[in-house]
Each structure stands twice: as C-alpha cells, then as structure tokens.
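I have placed the structure first, in the form of structure tokens, so that the comments after it can refer back to it.
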Amino acid sequence: MNYAEAIQALKDSGLENAADIVATITKEATELQKYKKQHNELETLINSALQGFGSESDSYEQRLKSLSTELQTTKQSLETEKKSKEEFEGKVRHLERYNLVQTAASKSGASVEVLDKLLAGSQDELKVEGDTVTIAGKPLKDYAEANWKPFIPALLPQSAPSSTTDKSNTPPSTSLPSGSPQGKQESVDPLAGVLGGYKLPEKFSQGS
C-alpha cells in the first residue's frame with residue numbers, strides 16, 4: 001500500500017476524526033518533501049563546489065563548511081519529521097484498532113474496556129465479519145474459553161450465570177378451611193353452646 005492508498009483508506013475508515021488525522025499527516029508529509037528537496041539542492045551545491053575546487057581553495061573551503069553545517073541541520077530536521085510522522089501513523093493504527101474493538105464488542109456483547117485490555121497482550125488477530133467476531137479464526141466465546149477463562153465474567157457479562165433463589169426448602173403454601181366442604185361458612189347459633197341440651201318446661205313449649 002502506497003502513501004495515497006493509505007490516506008484514502010484512512011478517509012474511508014469511518015473514524016470520527018479521520019479528516020483531521022489525514023490533514024495533519026498530509027501537512028507533515030509536505031514538510032518532509034520540502035526538506036528532502038533542500039537536501040538534494042545542498043548535495044548538488046556541494047558536488048558543484050567539489051568540481052570547481054582548486055584556485056580559490058580558501059573560498060571553497062568556507063563554502064563547504066557552510067554547506068556541511070546546513071546539510072547537518074537538514075538531516076536533523078528530516079529525522080525530526082520522520083519521527084513525528086511515525087508517531088502520527090502509530091496514533092492512526094491505535095484509533096483503527098480501537099474502532100475495531102468497539103465494533104467487535106457491540107456485535108458480541110463483550111465489554112469494550114476488558115476486550116481492549118485482553119487484546120493488548122495478545123498477538124492474535126481480531127476480525128469482524130458481519131455479525132461474527134473471531135480471534136485467531138475462532139469465535140470470540142470459544143477463544144475466551146480457551147485463553148481468558150478467568151476473565152469471562154467481566155468480558156462477557158451477559159453470559160455469566162444469573163443468581164436464582166433456592167426454593168427447595170420453602171414449605172408449600174396451604175389454605176385454611178373456610179367452613180363446610182363446599183367452601184361455605186356454616187351459620188352458628190350463639191345460644192346453642194349456652195343452652196346445650198336444656199329443654200323448656202312443657203307449659204312454655206306448648207302455646208298459652
């Protein structure tokens with residue numbers, strides 16, 4: 001992949017700040033090209049000075065020293081620009097990777113933070129194809145079972161067994177009887193328990 005293809009891929013990556021990253025890298029690359037051009041011009045001047053070296057040795061010697069100093073400065077600037085460019089490229093790679101981790105977590109129900117930390121210590125490749133998330137060619141859950149088993153509750157909280165209340169020792173509920181077998185409350189005579197088997201005298205039981 002050449003520089004132009006890399007920039008286009010970054011633009012198409014969907015990152016929120018992709019445009020800013022591309023603008024910054026393009027600016028740094030332009031500066032780098034400018035320093036390279038200055039370097040080539042200085043080399044041309046040095047070669048030209050060496051070819052004409054002879055009669056005016058003192059003047060050429062001073063010029064060579066000056067050009068040598070300028071060349072050294074240019075080399076240092078190139079190294080600085082190169083380092084800066086590498087740092088930006090590293091940031092771009094990190095953003096692309098984290099974007100992939102976010103997508104994988106969304107598809108699989110995994111925790112973004114836990115997945116990102118676990119992948120930081122792994123060399124295996126994470127892929128998202130449609131709704132399928134794989135690591136080293138294995139489904140995420142299978143890979144986690146084989147390599148990250150102690151971290152599965154934190155990585156895949158939706159897969160963790162839910163706690164249930166043990167109802168085995170709970171006595172069955174019983175309903176108290178509400179009266180007759182038919183479920184109706186029987187009427188009770190309040191005088192029955194007082195009078196018992198007492199009988200009224202015959203003269204009272206007969207009419208007057």
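Each chain in the structure tokens gets a letter, A, B, ..., in the order shown, and its residues are numbered from 1; ligands are numbered from 1 in order too.
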
Practice problem: Might you pull out every residue within 12 Å of Thr24 in chain A, with only C-alpha atoms counted and same-chain residues fewer than 2 positions away left off, and present them as number ranges by chain? | Solution: A: 7, 17-22, 26-31, 84-85, 87-89, 91-92

Based on the selection just made, write C-alpha atoms of those residues as a compact mmCIF listing (two decimals), in the first residue's frame.
# COMPACT_ATOMS: atom_id res chain seq x y z
CA ILE A 7 -4.59 8.14 3.05
CA ASN A 17 -11.67 12.50 13.39
CA ALA A 18 -10.31 10.82 10.26
CA ALA A 19 -10.36 14.10 8.31
CA ASP A 20 -8.23 15.86 10.94
CA ILE A 21 -5.75 12.98 11.04
CA VAL A 22 -5.44 12.96 7.25
CA THR A 26 -0.60 15.38 4.73
CA LYS A 27 0.86 18.58 6.21
CA GLU A 28 3.74 16.69 7.81
CA ALA A 29 4.40 14.78 4.59
CA THR A 30 4.53 18.06 2.66
CA GLU A 31 7.09 19.46 5.10
CA SER A 84 6.78 12.88 14.01
CA LYS A 85 5.33 11.05 11.01
CA GLU A 87 4.11 8.93 15.84
CA PHE A 88 1.09 10.05 13.80
CA GLU A 89 0.98 6.73 11.99
CA LYS A 91 -1.88 7.04 16.57
CA VAL A 92 -3.81 6.23 13.41

Give the strand (DSSP E or B) residues of range 40-149 of chain A, as assigned by DSSP on the backbone, as a short mmCIF file (atom, residue, chain, number, x, y, z; two decimals) with N, CA and C atoms, in the first residue's frame.
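Resulting contents of result.cif:
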data_model
loop_
_atom_site.label_atom_id
_atom_site.label_comp_id
_atom_site.auth_asym_id
_atom_site.auth_seq_id
_atom_site.Cartn_x
_atom_site.Cartn_y
_atom_site.Cartn_z
N LEU A 126 -7.90 -9.99 15.55
CA LEU A 126 -9.33 -9.82 15.77
C LEU A 126 -9.99 -9.47 14.44
N LYS A 127 -11.10 -10.16 14.11
CA LYS A 127 -11.82 -9.88 12.88
C LYS A 127 -13.30 -9.77 13.16
N VAL A 128 -13.96 -8.88 12.40
CA VAL A 128 -15.40 -8.74 12.46
C VAL A 128 -15.92 -8.89 11.04
N GLU A 129 -16.72 -9.93 10.82
CA GLU A 129 -17.29 -10.18 9.50
C GLU A 129 -18.81 -10.30 9.68
N THR A 132 -20.35 -11.73 12.95
CA THR A 132 -19.46 -12.74 13.52
C THR A 132 -18.14 -12.11 13.95
N VAL A 133 -17.76 -12.37 15.19
CA VAL A 133 -16.49 -11.86 15.75
C VAL A 133 -15.58 -13.04 16.03
N THR A 134 -14.37 -13.00 15.47
CA THR A 134 -13.42 -14.10 15.67
C THR A 134 -12.07 -13.56 16.11
N ILE A 135 -11.34 -14.39 16.83
CA ILE A 135 -9.96 -14.11 17.21
C ILE A 135 -9.14 -15.33 16.83
N LYS A 138 -11.16 -18.22 15.57
CA LYS A 138 -12.13 -18.88 16.44
C LYS A 138 -13.19 -17.88 16.89
N PRO A 139 -14.44 -18.33 17.08
CA PRO A 139 -15.44 -17.43 17.64
C PRO A 139 -14.96 -16.85 18.97
#
